[in-house]
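Asker: So here's upload_37.txt, just compact mmCIF, C-alpha atoms:
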# COMPACT_ATOMS: atom_id res chain seq x y z
CA MET A 1 4.87 7.10 8.62
CA ASN A 2 8.09 5.13 8.72
CA GLU A 3 8.96 2.14 6.54
CA LEU A 4 8.07 -0.55 9.10
CA THR A 5 4.63 0.91 9.73
CA ARG A 6 3.97 1.17 6.00
CA ASP A 7 5.08 -2.43 5.42
CA ILE A 8 2.83 -3.66 8.24
CA LEU A 9 -0.12 -1.70 6.85
CA ILE A 10 0.37 -3.05 3.32
CA GLY A 11 0.71 -6.58 4.70
CA ALA A 12 -2.46 -6.16 6.75
CA PHE A 13 -4.40 -5.00 3.68
CA PHE A 14 -3.14 -8.04 1.79
CA VAL A 15 -4.14 -10.46 4.56
CA VAL A 16 -7.60 -8.87 4.87
CA GLY A 17 -8.00 -9.13 1.08
CA LEU A 18 -6.98 -12.77 1.18
CA MET A 19 -9.39 -13.55 4.00
CA SER A 20 -12.18 -11.71 2.17
CA PHE A 21 -11.48 -13.82 -0.92
CA ILE A 22 -11.63 -17.04 1.11
CA TYR A 23 -14.95 -16.03 2.69
CA GLY A 24 -16.46 -15.18 -0.69
CA GLU A 25 -16.54 -11.39 -0.40
CA PHE A 26 -15.16 -10.81 -3.89
CA ILE A 27 -15.90 -7.09 -4.12
CA LEU A 28 -14.15 -6.42 -0.82
CA SER A 29 -11.21 -8.64 -1.72
CA SER A 30 -10.80 -6.89 -5.07
CA THR A 31 -10.77 -3.54 -3.29
CA PHE A 32 -8.17 -4.62 -0.75
CA PHE A 33 -5.96 -6.19 -3.42
CA ALA A 34 -6.17 -2.95 -5.44
CA VAL A 35 -5.22 -0.87 -2.39
CA THR A 36 -2.31 -3.21 -1.71
CA ALA A 37 -1.07 -2.99 -5.30
CA ILE A 38 -1.33 0.79 -5.44
CA ALA A 39 0.35 1.29 -2.05
CA SER A 40 3.14 -1.11 -2.97
CA TYR A 41 3.67 0.61 -6.34
CA ILE A 42 3.81 4.03 -4.70
CA LYS A 43 6.29 2.74 -2.12
CA VAL A 44 8.60 1.26 -4.77
CA ASN A 45 8.58 4.30 -7.09
CA ARG A 46 8.78 7.00 -4.44
CA LYS A 47 11.60 9.47 -5.02
CA PRO A 48 13.32 11.28 -2.16
CA VAL A 49 12.63 14.97 -1.82
CA ASN A 50 15.67 17.20 -2.27
CA THR A 51 15.39 19.89 0.40
CA ASN A 52 18.78 21.46 -0.25
CA THR A 53 17.75 23.50 -3.28
CA ILE A 54 15.80 26.74 -3.15
CA GLN A 55 13.67 27.61 -6.16
CA ILE A 56 12.63 31.19 -6.81
The structure given in the file should be rewritten as structure tokens.
Answerer:
Amino acid sequence: MNELTRDILIGAFFVVGLMSFIYGEFILSSTFFAVTAIASYIKVNRKPVNTNTIQI
């Protein structure tokens, strides 16, 4: 999954969470906000994989 697709997916989860909050579905909105926060945190703190080293 490339960066643009991941950004769109995180944004979609946020919008769905916001709409759920507006419509009064607080359990659903809490779930979507949690998914958005976790996905955003993972995206920010992701480290690149070094494929040049061979470990034996």
Asker: How many Å lie between atom CA of Ile42 of chain A and atom CA of Met19 of chain A, rounded to one decimal?
Answerer: 23.6 Å
Asker: Excluding same-chain residues fewer than 3 positions from Phe32 of chain A, what lies within 6 Å of it counting only C-alpha atoms, as a VMD selection string?
Answerer: chain A and resid 13 17 29 35
Asker: Just the number, please: distance in Å from atom CA of Gly11 of chain A to atom CA of Thr36 of chain A, one decimal.
Answerer: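 Atom CA of Thr36 of chain A lies at a distance of 7.8 Å from atom CA of Gly11 of chain A.
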Asker: Please compute the atom CA of Arg6 of chain A-atom CA of Gly24 of chain A distance, one decimal, in Å.
Answerer: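 Between atom CA of Arg6 of chain A and atom CA of Gly24 of chain A the gap is 27.0 Å.
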Asker: Could you add N, CA and C atoms to segment 12-25 of chain A and give me the result as a PDB file, in the frame of the given file?
Answerer:
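Result saved to rebuild-v5.pdb:
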ATOM      1  N   ALA A  12      -1.142  -5.973   6.152  1.00  0.00           N
ATOM      2  CA  ALA A  12      -2.460  -6.160   6.750  1.00  0.00           C
ATOM      3  C   ALA A  12      -3.556  -6.065   5.686  1.00  0.00           C
ATOM      4  N   PHE A  13      -3.424  -5.103   4.768  1.00  0.00           N
ATOM      5  CA  PHE A  13      -4.400  -5.000   3.680  1.00  0.00           C
ATOM      6  C   PHE A  13      -4.403  -6.266   2.830  1.00  0.00           C
ATOM      7  N   PHE A  14      -3.220  -6.820   2.583  1.00  0.00           N
ATOM      8  CA  PHE A  14      -3.140  -8.040   1.790  1.00  0.00           C
ATOM      9  C   PHE A  14      -3.808  -9.216   2.504  1.00  0.00           C
ATOM     10  N   VAL A  15      -3.547  -9.355   3.792  1.00  0.00           N
ATOM     11  CA  VAL A  15      -4.140 -10.460   4.560  1.00  0.00           C
ATOM     12  C   VAL A  15      -5.657 -10.313   4.618  1.00  0.00           C
ATOM     13  N   VAL A  16      -6.149  -9.088   4.833  1.00  0.00           N
ATOM     14  CA  VAL A  16      -7.600  -8.870   4.870  1.00  0.00           C
ATOM     15  C   VAL A  16      -8.206  -9.178   3.495  1.00  0.00           C
ATOM     16  N   GLY A  17      -7.520  -8.805   2.423  1.00  0.00           N
ATOM     17  CA  GLY A  17      -8.000  -9.130   1.080  1.00  0.00           C
ATOM     18  C   GLY A  17      -8.026 -10.620   0.842  1.00  0.00           C
ATOM     19  N   LEU A  18      -7.023 -11.322   1.319  1.00  0.00           N
ATOM     20  CA  LEU A  18      -6.980 -12.770   1.180  1.00  0.00           C
ATOM     21  C   LEU A  18      -8.095 -13.444   1.968  1.00  0.00           C
ATOM     22  N   MET A  19      -8.317 -12.980   3.183  1.00  0.00           N
ATOM     23  CA  MET A  19      -9.390 -13.550   4.000  1.00  0.00           C
ATOM     24  C   MET A  19     -10.760 -13.234   3.385  1.00  0.00           C
ATOM     25  N   SER A  20     -10.920 -12.052   2.836  1.00  0.00           N
ATOM     26  CA  SER A  20     -12.180 -11.710   2.170  1.00  0.00           C
ATOM     27  C   SER A  20     -12.415 -12.612   0.964  1.00  0.00           C
ATOM     28  N   PHE A  21     -11.356 -12.926   0.231  1.00  0.00           N
ATOM     29  CA  PHE A  21     -11.480 -13.820  -0.920  1.00  0.00           C
ATOM     30  C   PHE A  21     -11.889 -15.218  -0.475  1.00  0.00           C
ATOM     31  N   ILE A  22     -11.305 -15.698   0.606  1.00  0.00           N
ATOM     32  CA  ILE A  22     -11.630 -17.040   1.110  1.00  0.00           C
ATOM     33  C   ILE A  22     -13.089 -17.105   1.555  1.00  0.00           C
ATOM     34  N   TYR A  23     -13.574 -16.038   2.190  1.00  0.00           N
ATOM     35  CA  TYR A  23     -14.950 -16.030   2.690  1.00  0.00           C
ATOM     36  C   TYR A  23     -15.974 -15.682   1.611  1.00  0.00           C
ATOM     37  N   GLY A  24     -15.527 -15.401   0.402  1.00  0.00           N
ATOM     38  CA  GLY A  24     -16.460 -15.180  -0.690  1.00  0.00           C
ATOM     39  C   GLY A  24     -16.869 -13.741  -0.911  1.00  0.00           C
ATOM     40  N   GLU A  25     -16.246 -12.814  -0.225  1.00  0.00           N
ATOM     41  CA  GLU A  25     -16.540 -11.390  -0.400  1.00  0.00           C
ATOM     42  C   GLU A  25     -15.645 -10.845  -1.519  1.00  0.00           C
TER      43      GLU A  25
END
